[in-house]
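File shown: structure-v7.cif. Contents: mmCIF, C-alpha atoms.
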data_my_file
loop_
_atom_site.label_atom_id
_atom_site.label_comp_id
_atom_site.auth_asym_id
_atom_site.auth_seq_id
_atom_site.Cartn_x
_atom_site.Cartn_y
_atom_site.Cartn_z
CA MET A 1 4.33 0.91 24.72
CA ASN A 2 7.57 2.70 25.54
CA SER A 3 6.51 6.28 26.26
CA VAL A 4 9.27 8.85 25.72
CA ALA A 5 9.64 11.98 27.79
CA ALA A 6 11.17 15.16 26.42
CA SER A 7 14.03 14.89 28.95
CA ILE A 8 15.33 11.63 27.51
CA THR A 9 19.13 11.36 27.78
CA ASP A 10 19.74 8.18 25.81
CA ASN A 11 19.03 9.67 22.40
CA GLN A 12 21.32 7.62 20.15
CA PHE A 13 19.69 5.13 17.78
CA ASP A 14 20.80 2.73 15.09
CA VAL A 15 17.69 3.36 12.94
CA ALA A 16 15.12 6.14 13.21
CA ILE A 17 11.88 5.65 11.28
CA ALA A 18 9.84 8.77 10.57
CA GLY A 19 6.29 7.48 10.18
CA GLY A 20 4.51 4.95 12.36
CA GLY A 21 2.04 3.81 9.74
CA VAL A 22 1.84 0.37 8.17
CA VAL A 23 5.04 0.64 6.10
CA GLY A 24 7.15 2.13 8.88
CA LEU A 25 5.99 -0.58 11.29
CA ILE A 26 6.72 -3.33 8.76
CA LEU A 27 10.33 -2.12 8.77
CA ALA A 28 10.47 -1.81 12.57
CA ALA A 29 8.94 -5.26 13.04
CA GLY A 30 11.35 -6.74 10.52
CA LEU A 31 14.30 -5.40 12.56
CA ARG A 32 13.00 -6.16 16.03
CA HIS A 33 15.09 -9.30 16.56
CA THR A 34 18.37 -7.88 15.25
CA GLY A 35 19.49 -6.12 18.43
CA LEU A 36 19.44 -2.72 16.71
CA LYS A 37 18.10 0.21 18.70
CA ILE A 38 15.18 1.76 16.82
CA ALA A 39 13.19 4.98 17.15
CA ILE A 40 9.72 5.43 15.65
CA ILE A 41 8.63 9.03 15.14
CA GLU A 42 4.89 9.43 14.57
CA ALA A 43 2.96 12.68 14.26
CA LEU A 44 -0.49 11.30 15.18
CA PRO A 45 -1.63 10.17 18.63
CA LYS A 46 -2.41 6.47 18.73
CA GLU A 47 -6.17 6.94 19.01
CA GLN A 48 -6.22 9.15 15.92
CA ALA A 49 -3.95 6.89 13.88
CA LEU A 50 -6.25 3.93 14.52
CA THR A 51 -9.41 5.66 13.30
CA LYS A 52 -8.46 6.00 9.63
CA PRO A 53 -11.54 4.71 7.71
CA GLN A 54 -9.71 2.90 4.95
CA ALA A 55 -9.23 -0.65 3.73
CA TYR A 56 -6.39 -2.05 1.65
CA ALA A 57 -5.98 -4.88 -0.79
CA ILE A 58 -3.32 -7.15 0.68
CA SER A 59 -1.52 -9.18 -1.97
CA LEU A 60 -0.39 -12.76 -1.47
CA LEU A 61 3.22 -11.62 -1.07
CA SER A 62 2.23 -8.98 1.51
CA GLY A 63 0.27 -11.64 3.38
CA LYS A 64 3.33 -13.88 3.43
CA ILE A 65 5.41 -10.98 4.79
CA LEU A 66 2.88 -10.42 7.57
CA ALA A 67 2.97 -14.14 8.30
CA GLY A 68 6.76 -14.01 8.44
CA LEU A 69 6.50 -11.20 11.01
CA GLY A 70 4.21 -13.38 13.13
CA VAL A 71 1.14 -11.13 12.96
CA TRP A 72 -0.95 -13.10 10.46
CA GLY A 73 -2.62 -15.26 13.10
CA ASN A 74 -3.83 -12.12 14.89
CA ILE A 75 -5.55 -10.60 11.85
CA LYS A 76 -6.65 -13.45 9.57
CA ASP A 77 -10.09 -13.77 11.19
CA SER A 78 -10.71 -10.01 11.03
CA ILE A 79 -9.96 -9.40 7.35
CA GLY A 80 -11.56 -10.29 4.04
CA HIS A 81 -10.29 -13.03 1.74
CA PHE A 82 -11.11 -13.58 -1.90
CA ASP A 83 -10.80 -16.79 -3.89
CA ARG A 84 -11.71 -15.26 -7.25
CA ILE A 85 -11.08 -12.07 -9.20
CA GLN A 86 -13.36 -11.01 -12.03
CA ILE A 87 -12.14 -8.43 -14.55
CA SER A 88 -14.53 -6.79 -16.98
CA ASP A 89 -14.41 -3.98 -19.53
CA ASN A 90 -17.44 -1.68 -19.67
CA ASN A 91 -20.36 -3.53 -21.25
CA TYR A 92 -18.22 -6.17 -22.95
CA LYS A 93 -19.58 -9.61 -22.11
CA GLY A 94 -16.21 -11.39 -22.12
CA THR A 95 -15.23 -11.17 -18.45
CA VAL A 96 -11.98 -12.73 -17.26
CA PRO A 97 -12.22 -14.93 -14.16
CA PHE A 98 -9.19 -15.74 -12.03
CA ALA A 99 -9.26 -18.42 -9.34
CA LYS A 100 -6.95 -19.39 -6.49
CA GLU A 101 -6.30 -22.68 -8.27
CA ASP A 102 -4.56 -20.72 -11.03
CA VAL A 103 -1.63 -20.07 -8.66
CA ASN A 104 -2.10 -23.03 -6.27
CA GLU A 105 -2.74 -20.82 -3.25
CA LEU A 106 -5.37 -20.87 -0.49
CA ALA A 107 -6.68 -17.47 -1.65
CA LEU A 108 -5.96 -14.90 -4.36
CA GLY A 109 -5.71 -12.01 -1.92
CA HIS A 110 -6.98 -10.36 1.22
CA VAL A 111 -8.57 -7.08 2.30
CA ALA A 112 -7.60 -5.48 5.62
CA GLU A 113 -9.09 -2.43 7.27
CA HIS A 114 -6.53 0.09 8.47
CA PRO A 115 -7.16 -0.23 12.23
CA VAL A 116 -6.90 -4.02 12.09
CA ILE A 117 -3.52 -4.18 10.38
CA LEU A 118 -2.04 -1.16 12.17
CA GLN A 119 -3.04 -2.42 15.63
CA ALA A 120 -1.52 -5.85 14.94
CA LEU A 121 1.76 -4.27 13.85
CA GLU A 122 1.78 -1.91 16.85
CA ASN A 123 1.29 -4.86 19.18
CA CYS A 124 4.16 -6.61 17.44
CA VAL A 125 6.69 -3.80 17.94
CA GLU A 126 5.48 -2.86 21.42
CA GLU A 127 6.87 -6.15 22.68
CA CYS A 128 10.41 -5.15 21.71
CA PRO A 129 12.30 -3.23 24.45
CA ARG A 130 14.79 -1.83 21.91
CA ILE A 131 12.07 0.07 20.01
CA THR A 132 11.19 3.52 21.36
CA TRP A 133 8.20 5.60 20.25
CA PHE A 134 8.14 9.38 19.95
CA ARG A 135 4.43 10.13 19.60
CA PRO A 136 2.92 12.55 18.89
CA ALA A 137 6.07 14.20 17.60
CA GLU A 138 6.98 16.17 14.49
CA LEU A 139 10.31 15.92 12.70
CA ILE A 140 11.31 19.50 11.97
CA GLY A 141 14.80 19.01 10.54
CA PHE A 142 18.03 17.06 10.44
CA THR A 143 21.73 17.75 9.93
CA GLU A 144 24.66 15.63 8.80
CA GLY A 145 27.21 14.19 11.17
CA GLU A 146 30.29 12.19 10.30
CA LYS A 147 28.58 8.83 10.75
CA HIS A 148 25.11 9.81 11.83
CA LYS A 149 22.22 12.16 11.24
CA GLN A 150 21.16 14.54 13.96
CA VAL A 151 17.38 14.74 13.96
CA THR A 152 15.36 17.48 15.63
CA LEU A 153 11.82 16.74 16.83
CA GLN A 154 9.07 18.87 18.29
CA GLN A 155 7.19 17.04 21.05
CA GLU A 156 4.88 18.46 23.70
CA GLY A 157 6.10 21.98 22.95
CA LYS A 158 9.77 21.07 23.40
CA GLN A 159 12.56 20.23 21.01
CA ILE A 160 14.28 16.87 21.22
CA THR A 161 17.50 15.96 19.42
CA LEU A 162 18.27 12.40 18.34
CA GLN A 163 21.29 10.85 16.69
CA THR A 164 20.79 7.96 14.30
CA LYS A 165 23.02 5.97 11.98
CA LEU A 166 20.14 5.72 9.51
CA LEU A 167 17.04 7.87 9.04
CA VAL A 168 14.16 6.26 7.14
CA ALA A 169 11.41 8.36 5.58
CA ALA A 170 8.10 6.52 5.87
CA ASP A 171 6.20 9.78 6.10
CA GLY A 172 3.96 9.56 3.04
CA ALA A 173 3.60 11.08 -0.39
CA ARG A 174 4.21 14.63 0.89
CA SER A 175 7.34 13.49 2.70
CA ARG A 176 8.98 16.29 4.64
CA ILE A 177 12.20 14.31 4.83
CA ARG A 178 12.35 13.82 1.06
CA SER A 179 11.85 17.55 0.62
CA LEU A 180 14.49 18.49 3.21
CA ALA A 181 16.92 16.07 1.58
CA GLY A 182 16.41 17.76 -1.80
CA ILE A 183 15.33 14.56 -3.52
CA LYS A 184 13.40 15.35 -6.68
CA THR A 185 10.53 13.32 -8.08
CA LYS A 186 9.09 12.55 -11.50
CA GLY A 187 5.48 11.87 -12.34
CA TRP A 188 2.11 13.52 -12.83
CA LYS A 189 -1.31 13.99 -11.38
CA TYR A 190 -4.05 12.09 -13.18
CA TRP A 191 -7.23 13.65 -14.51
CA GLN A 192 -9.08 11.47 -12.02
CA SER A 193 -10.00 11.29 -8.35
CA CYS A 194 -11.19 8.31 -6.34
CA VAL A 195 -14.31 8.03 -4.23
CA ALA A 196 -13.82 5.33 -1.58
CA PHE A 197 -16.51 3.91 0.70
CA THR A 198 -17.82 0.72 2.27
CA ILE A 199 -21.16 -0.95 1.66
CA GLN A 200 -23.02 -3.80 3.31
CA HIS A 201 -24.71 -6.08 0.80
CA GLN A 202 -26.82 -9.21 0.40
CA ALA A 203 -24.81 -11.14 -2.18
CA PRO A 204 -24.99 -14.92 -1.68
CA ASP A 205 -21.20 -15.11 -1.27
CA ASN A 206 -18.50 -12.62 -0.43
CA ASN A 207 -15.31 -14.15 -1.76
CA THR A 208 -14.91 -12.47 -5.16
CA ALA A 209 -12.99 -9.27 -5.94
CA PHE A 210 -14.13 -7.26 -8.96
CA GLU A 211 -12.09 -4.92 -11.14
CA ARG A 212 -14.41 -3.21 -13.58
CA PHE A 213 -12.93 -0.92 -16.22
CA CYS A 214 -15.08 1.94 -17.48
CA ASP A 215 -14.42 4.79 -19.88
CA THR A 216 -14.30 7.18 -16.90
CA GLY A 217 -11.88 5.02 -14.91
CA PRO A 218 -11.70 1.70 -13.06
CA MET A 219 -13.79 0.54 -10.13
CA GLY A 220 -12.49 -1.99 -7.59
CA ILE A 221 -14.80 -3.95 -5.29
CA LEU A 222 -13.06 -5.83 -2.47
CA PRO A 223 -14.76 -8.15 0.06
CA LEU A 224 -14.68 -7.39 3.79
CA PRO A 225 -15.99 -9.48 6.70
CA GLY A 226 -19.63 -9.11 7.69
CA ASP A 227 -21.06 -9.08 4.15
CA ARG A 228 -19.31 -5.80 3.45
CA ALA A 229 -17.23 -4.56 0.54
CA GLN A 230 -14.76 -1.73 0.10
CA ILE A 231 -15.31 0.12 -3.19
CA VAL A 232 -12.84 2.48 -4.86
CA TRP A 233 -14.54 4.29 -7.72
CA THR A 234 -12.23 6.27 -10.02
CA MET A 235 -13.54 8.98 -12.34
CA PRO A 236 -12.72 12.49 -13.64
CA HIS A 237 -12.35 15.13 -10.93
CA HIS A 238 -15.59 16.96 -11.64
CA LYS A 239 -17.64 13.77 -11.62
CA ALA A 240 -16.01 12.57 -8.40
CA HIS A 241 -16.79 15.86 -6.66
CA SER A 242 -20.39 15.73 -7.84
CA LEU A 243 -20.78 12.18 -6.48
CA ILE A 244 -19.44 13.21 -3.11
CA ASN A 245 -22.08 15.94 -2.91
CA LEU A 246 -25.05 13.74 -3.88
CA THR A 247 -27.56 12.68 -1.29
CA GLU A 248 -27.08 9.12 -0.10
CA ALA A 249 -30.15 7.93 -2.01
CA ASP A 250 -28.98 9.53 -5.27
CA PHE A 251 -25.46 8.19 -4.77
CA ILE A 252 -26.74 4.64 -4.27
CA ARG A 253 -28.86 5.03 -7.41
CA GLU A 254 -25.75 6.04 -9.40
CA LEU A 255 -23.77 3.18 -7.93
CA ARG A 256 -26.45 0.62 -8.76
CA GLN A 257 -26.43 1.76 -12.38
CA ARG A 258 -22.70 1.03 -12.46
CA ILE A 259 -22.51 -2.34 -10.65
CA GLY A 260 -25.95 -3.79 -11.41
CA ASP A 261 -27.40 -6.53 -9.23
CA ARG A 262 -24.25 -8.55 -8.59
CA LEU A 263 -24.24 -7.62 -4.88
CA GLY A 264 -28.00 -7.64 -4.32
CA GLU A 265 -29.43 -4.94 -2.09
CA PHE A 266 -26.83 -2.79 -0.36
CA ARG A 267 -26.40 0.28 1.84
CA LEU A 268 -23.55 2.62 2.72
CA VAL A 269 -21.94 1.97 6.08
CA ASN A 270 -19.41 4.80 6.19
CA ALA A 271 -18.83 8.24 4.72
CA ARG A 272 -17.59 8.69 1.17
CA ARG A 273 -13.96 9.81 0.97
CA LEU A 274 -12.38 11.65 -1.93
CA PHE A 275 -8.71 11.55 -2.85
CA PRO A 276 -6.82 12.57 -6.01
CA VAL A 277 -4.64 10.15 -7.95
CA GLN A 278 -1.01 10.58 -8.92
CA LEU A 279 1.98 8.71 -10.27
CA MET A 280 5.26 9.61 -8.61
CA GLN A 281 8.74 8.11 -8.54
CA SER A 282 11.63 9.62 -6.58
CA ASP A 283 14.83 10.22 -8.49
CA CYS A 284 16.64 8.22 -5.84
CA TYR A 285 15.54 6.16 -2.86
CA VAL A 286 18.72 6.59 -0.82
CA GLN A 287 21.39 9.03 0.25
CA PRO A 288 24.11 8.45 2.83
CA ARG A 289 22.27 7.59 6.09
CA LEU A 290 18.86 8.16 4.50
CA ALA A 291 16.34 5.86 2.82
CA LEU A 292 12.81 6.38 1.47
CA VAL A 293 10.09 3.72 1.70
CA GLY A 294 6.45 3.50 0.66
CA ASP A 295 4.64 6.59 -0.54
CA ALA A 296 7.62 8.74 0.39
CA ALA A 297 9.46 7.01 -2.47
CA HIS A 298 6.67 6.37 -4.99
CA CYS A 299 2.93 6.52 -5.65
CA CYS A 300 0.87 4.70 -8.27
CA HIS A 301 -2.66 4.63 -9.63
CA PRO A 302 -4.95 2.62 -7.29
CA VAL A 303 -6.11 0.26 -10.06
CA GLY A 304 -5.34 -3.28 -8.91
CA GLY A 305 -4.77 -2.18 -5.30
CA GLN A 306 -0.98 -2.17 -5.58
CA GLY A 307 -0.03 0.96 -3.61
CA LEU A 308 0.33 -0.26 -0.02
CA ASN A 309 1.70 -3.59 -1.20
CA LEU A 310 4.67 -1.85 -2.82
CA GLY A 311 5.37 -0.11 0.49
CA ILE A 312 5.13 -3.36 2.45
CA ARG A 313 7.70 -4.90 0.10
CA ASP A 314 9.92 -1.82 0.52
CA GLY A 315 9.82 -2.19 4.29
CA ALA A 316 10.58 -5.92 4.20
CA ALA A 317 13.38 -5.45 1.65
CA LEU A 318 15.05 -2.62 3.57
CA ALA A 319 14.82 -4.62 6.80
CA GLN A 320 16.61 -7.49 5.07
CA VAL A 321 19.35 -5.25 3.67
CA ILE A 322 19.94 -3.57 7.06
CA ALA A 323 19.89 -6.85 9.02
CA THR A 324 22.28 -8.54 6.61
CA ALA A 325 24.73 -5.64 6.72
CA TYR A 326 24.56 -5.51 10.53
CA SER A 327 25.18 -9.25 10.87
CA GLN A 328 28.21 -8.96 8.60
CA GLY A 329 29.71 -6.04 10.50
CA GLN A 330 28.99 -3.53 7.74
CA ASP A 331 27.80 0.06 8.12
CA TRP A 332 24.07 -0.27 7.34
CA GLY A 333 23.71 3.49 6.91
CA SER A 334 26.40 3.77 4.25
CA LEU A 335 25.47 4.57 0.68
CA ALA A 336 27.07 1.34 -0.56
CA VAL A 337 24.77 -0.76 1.62
CA LEU A 338 21.64 1.32 1.00
CA LYS A 339 22.15 1.12 -2.76
CA ARG A 340 21.41 -2.61 -2.48
CA TYR A 341 17.90 -1.70 -1.36
CA GLU A 342 17.48 0.83 -4.17
CA ARG A 343 18.70 -1.61 -6.83
CA TRP A 344 16.23 -4.16 -5.52
CA ARG A 345 13.10 -2.09 -5.15
CA LYS A 346 13.26 0.75 -7.64
CA PRO A 347 13.06 -1.38 -10.83
CA GLU A 348 10.27 -3.53 -9.37
CA ASN A 349 8.32 -0.43 -8.38
CA TRP A 350 8.84 1.05 -11.87
CA LEU A 351 7.27 -2.09 -13.31
CA ILE A 352 4.11 -1.71 -11.22
CA LEU A 353 3.90 2.06 -11.74
CA GLY A 354 4.09 1.54 -15.49
CA PHE A 355 1.67 -1.38 -15.43
CA THR A 356 -1.02 0.50 -13.47
CA ASP A 357 -0.60 3.60 -15.60
CA LEU A 358 -1.00 1.55 -18.79
CA LEU A 359 -4.09 -0.21 -17.43
CA ASP A 360 -5.80 3.05 -16.53
CA ARG A 361 -5.00 4.83 -19.81
CA PHE A 362 -5.64 1.84 -22.04
CA PHE A 363 -8.96 0.87 -20.52
CA SER A 364 -10.19 4.47 -20.27
CA SER A 365 -9.52 5.15 -23.93
CA HIS A 366 -12.38 5.81 -26.38
CA TRP A 367 -10.10 5.13 -29.36
CA LEU A 368 -11.60 2.22 -31.30
CA PRO A 369 -8.30 0.41 -32.01
CA ALA A 370 -7.46 0.57 -28.30
CA ILE A 371 -10.88 -0.84 -27.41
CA ALA A 372 -10.43 -3.71 -29.86
CA LEU A 373 -6.90 -4.43 -28.65
CA ARG A 374 -7.75 -4.47 -24.96
CA ARG A 375 -10.68 -6.80 -25.53
CA LEU A 376 -8.41 -9.07 -27.49
CA GLY A 377 -6.08 -8.96 -24.51
CA LEU A 378 -8.91 -9.97 -22.19
CA GLU A 379 -9.69 -12.93 -24.42
CA VAL A 380 -6.03 -13.96 -24.36
CA LEU A 381 -6.07 -13.84 -20.55
CA ARG A 382 -9.28 -15.82 -20.47
CA LEU A 383 -8.21 -18.54 -22.93
CA VAL A 384 -4.41 -18.84 -22.58
CA PRO A 385 -3.44 -20.29 -19.17
CA PRO A 386 0.25 -19.21 -19.22
CA ALA A 387 -0.79 -15.60 -19.90
CA LYS A 388 -3.35 -15.74 -17.10
CA LYS A 389 -0.80 -17.19 -14.67
CA LEU A 390 1.79 -14.52 -15.54
CA ALA A 391 -0.77 -11.73 -15.01
CA LEU A 392 -1.82 -13.24 -11.69
CA ARG A 393 1.75 -13.54 -10.47
CA LEU A 394 2.27 -9.86 -11.23
CA MET A 395 -0.96 -8.79 -9.49
CA THR A 396 -0.35 -10.94 -6.42
CA GLY A 397 3.27 -9.89 -5.95
CA LEU A 398 4.64 -13.36 -6.66
CA LEU A 399 6.60 -12.16 -9.71
CA GLY A 400 9.97 -10.82 -8.68
CA ARG A 401 12.38 -11.16 -5.77
CA ARG A 402 10.80 -12.15 -2.48
CA PRO A 403 12.07 -10.81 0.85
CA GLN A 404 13.25 -13.47 3.28
CA LEU A 405 10.34 -12.59 5.56
CA ALA A 406 8.01 -14.01 2.90
CA THR A 407 9.78 -17.33 2.59
CA GLY A 408 9.10 -18.68 6.09
CA GLN A 409 6.92 -21.66 6.94
CA THR A 410 4.30 -19.69 8.89
CA SER A 411 0.82 -20.82 7.85
CA MET A 412 -1.18 -18.54 5.59
CA GLY A 413 -4.36 -20.58 5.91
CA GLN A 414 -7.68 -18.84 6.36
#
What does this structure look like when you write it as structure tokens?
Amino acid sequence: MNSVAASITDNQFDVAIAGGGVVGLILAAGLRHTGLKIAIIEALPKEQALTKPQAYAISLLSGKILAGLGVWGNIKDSIGHFDRIQISDNNYKGTVPFAKEDVNELALGHVAEHPVILQALENCVEECPRITWFRPAELIGFTEGEKHKQVTLQQEGKQITLQTKLLVAADGARSRIRSLAGIKTKGWKYWQSCVAFTIQHQAPDNNTAFERFCDTGPMGILPLPGDRAQIVWTMPHHKAHSLINLTEADFIRELRQRIGDRLGEFRLVNARRLFPVQLMQSDCYVQPRLALVGDAAHCCHPVGGQGLNLGIRDGAALAQVIATAYSQGQDWGSLAVLKRYERWRKPENWLILGFTDLLDRFFSSHWLPAIALRRLGLEVLRLVPPAKKLALRLMTGLLGRRPQLATGQTSMGQ
């Protein structure tokens, strides 16, 4: 990795990415062959960044993007794959099964643990001599130049000043850059929190993902290698906090009452983690020489596992817009160019934000007409193939414009 000292003199960059997480590295990896000079600014030391105990649903489109970046072969044997999805509503017997054959793919989706996907992306960008890391470093401010932004960092007790033609905020839902830029957001916090954890189980197979809707909120069960599963259990705040504080034995008893015997005997293999849920959409994704990606631009309800996938598509789309502008001799940091990214991604993100919000509210409702209508909808999905295929294409990311990274011939086989 290119280690950067505080006395660096060559401090001019074409793109500076604040945030060295998955989304920021998708963007950096997507630009690595363009010839642009790129800075990655990351607050966490590498060892700490790689210890995040989280797993993500990786949609088919996100998998194709990772394949297009050339990292799929390095992670495919270390992540989970599912061939089927089963959707159910409380105690209603009419479950909806989806299968990979419904979309003619080798799988319906994948599940990657944070260290696996982040390490693969880090390895990918480390090979590029035109990418420079500032880590650990904190972005403390920026000012406007005529055709650049001047960015001030704090690293190892010293201040460093960079110049960049484009600053990209990939610094999460509490984005400091978004705040400093004065970009407002719309949205709300839900009445729910999520409890996330991993279990090891004795189910006869481990290639089905479950989305179970309950009156307190949805529960997603995603398969991981080694007969494990990542579970995200959504419920009202007070209930979530009480579950976190239960003994392990009492927690497992509560969990078994919810999921039954479908996974056989199971045990917890990591600590329970609690996080609140919100919907958020930034009023704009771009300003002159500034762009927002991932959670810095938007957040959605975790139902369906769409959150990170939206960010991966943001990163791939912005990389395409920048690379195209650069190859055509255009100013990739100009508002006119960056608006192409916003016009691409903002409507598609609105669709998913609205879809996940509707799912959560509709399936959590106790109103009898809503219950009847949603169960009718499940029957339509189960019995009407075109409706099932449309829903699957939305969930897997195959509905909408695909970045060029996702259209390559790299194999996505398991």
Would you give me, as JSON lines, each residue of segment 258-301 of chain A having an atom within 10 Å of an atom of segment 135-153 of chain A, along with its shortest atom pair and that distance in Å to one decimal, using all atoms listed in the file and sorting by chain and residue number?
{"residue": "A:Pro288", "atom": "CA", "partner": "A:Lys147", "partner_atom": "CA", "distance": 9.1}
{"residue": "A:Arg289", "atom": "CA", "partner": "A:His148", "partner_atom": "CA", "distance": 6.8}
{"residue": "A:Leu290", "atom": "CA", "partner": "A:Lys149", "partner_atom": "CA", "distance": 8.5}
Requested write-out: C-alpha atoms of the selected residues, as a PDB file, in the coordinates of the input:
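So the final result, stored in part.pdb, reads:
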ATOM      1  CA  PRO A 288      24.110   8.450   2.830  1.00  0.00           C
ATOM      2  CA  ARG A 289      22.270   7.590   6.090  1.00  0.00           C
ATOM      3  CA  LEU A 290      18.860   8.160   4.500  1.00  0.00           C
TER       4      LEU A 290
END
Give me the result of the PyMOL selection byres ((chain A and resi 302-314) around 7) on this file, residue by residue, as number ranges by chain. A: 23, 26, 57-59, 62, 218, 293-295, 299-301, 315-318, 345, 349, 356
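For the residues A:Pro204, A:Ala370, A:Phe266, A:Cys124, ranking by smallest atom-to-atom distance to Gly73 of chain A using all atoms listed in the file places A:Cys124 first.
Among the candidates A:Glu47, A:Asp83, A:Asp102, A:Asp205, the residue lying nearest to Leu381 of chain A is A:Asp102 (atoms considered: only C-alpha atoms).
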Quick one: of A:Thr396, A:Asn245, A:Ser193, A:Asn74, who's nearest to Leu121 of chain A, counting all atoms listed in the file? A:Asn74
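Atom pair atom CA of Lys389 of chain A / atom CA of Leu108 of chain A has a distance of 11.8 Å (rounded to one decimal).
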Considering only C-alpha atoms, give me a table of residues in segment 272-332 of chain A that are at most 10 Å from segment 31-43 of chain A, with the closest atom pair and distance in Å for each, as a tab-separated table.
residue	atom	partner	partner_atom	distance
A:Gly315	CA	A:Leu31	CA	9.9
A:Ala316	CA	A:Leu31	CA	9.2
A:Leu318	CA	A:Leu31	CA	9.4
A:Ala319	CA	A:Leu31	CA	5.8
A:Gln320	CA	A:Leu31	CA	8.1
A:Ile322	CA	A:Leu31	CA	8.1
A:Ala323	CA	A:Thr34	CA	6.5
A:Thr324	CA	A:Thr34	CA	9.5
A:Tyr326	CA	A:Thr34	CA	8.1
A:Ser327	CA	A:Thr34	CA	8.2
List the residues matched by the PyMOL selection byres ((chain A and resi 182-186) around 9) in the displayed structure as a PyMOL selection string, ordered by chain and then by residue number. chain A and resi 177-181+187-188+279-285+297-298
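Using all atoms listed in the file, the smallest distance between any of A:Glu254, A:Asp261, A:Glu113, A:Glu248 and Pro223 of chain A comes from A:Glu113.
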Pick the closest to Thr208 of chain A from A:Leu274, A:Leu224, A:Ala296, A:Ile85: which is it, counting only C-alpha atoms? A:Ile85
Give as a list in words the residues that the PyMOL selection byres ((chain A and resi 75) around 9) matches when applied to the coordinates above. Val71, Trp72, Gly73, Asn74, Lys76, Asp77, Ser78, Ile79, Ala112, Val116, Ile117 and Ala120 of chain A
Can you work out which one of A:Leu167, A:Leu25, A:Leu106, A:Leu60 has the shortest atom-to-atom distance to Leu338 of chain A, counting all atoms listed in the file? A:Leu167
Mind giving me the straight-line distance from atom CA of Arg262 of chain A to atom CA of His201 of chain A in Å, one decimal? 9.7 Å
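What separates atom CA of Leu243 of chain A from atom CA of Asp360 of chain A is a distance of 20.2 Å.
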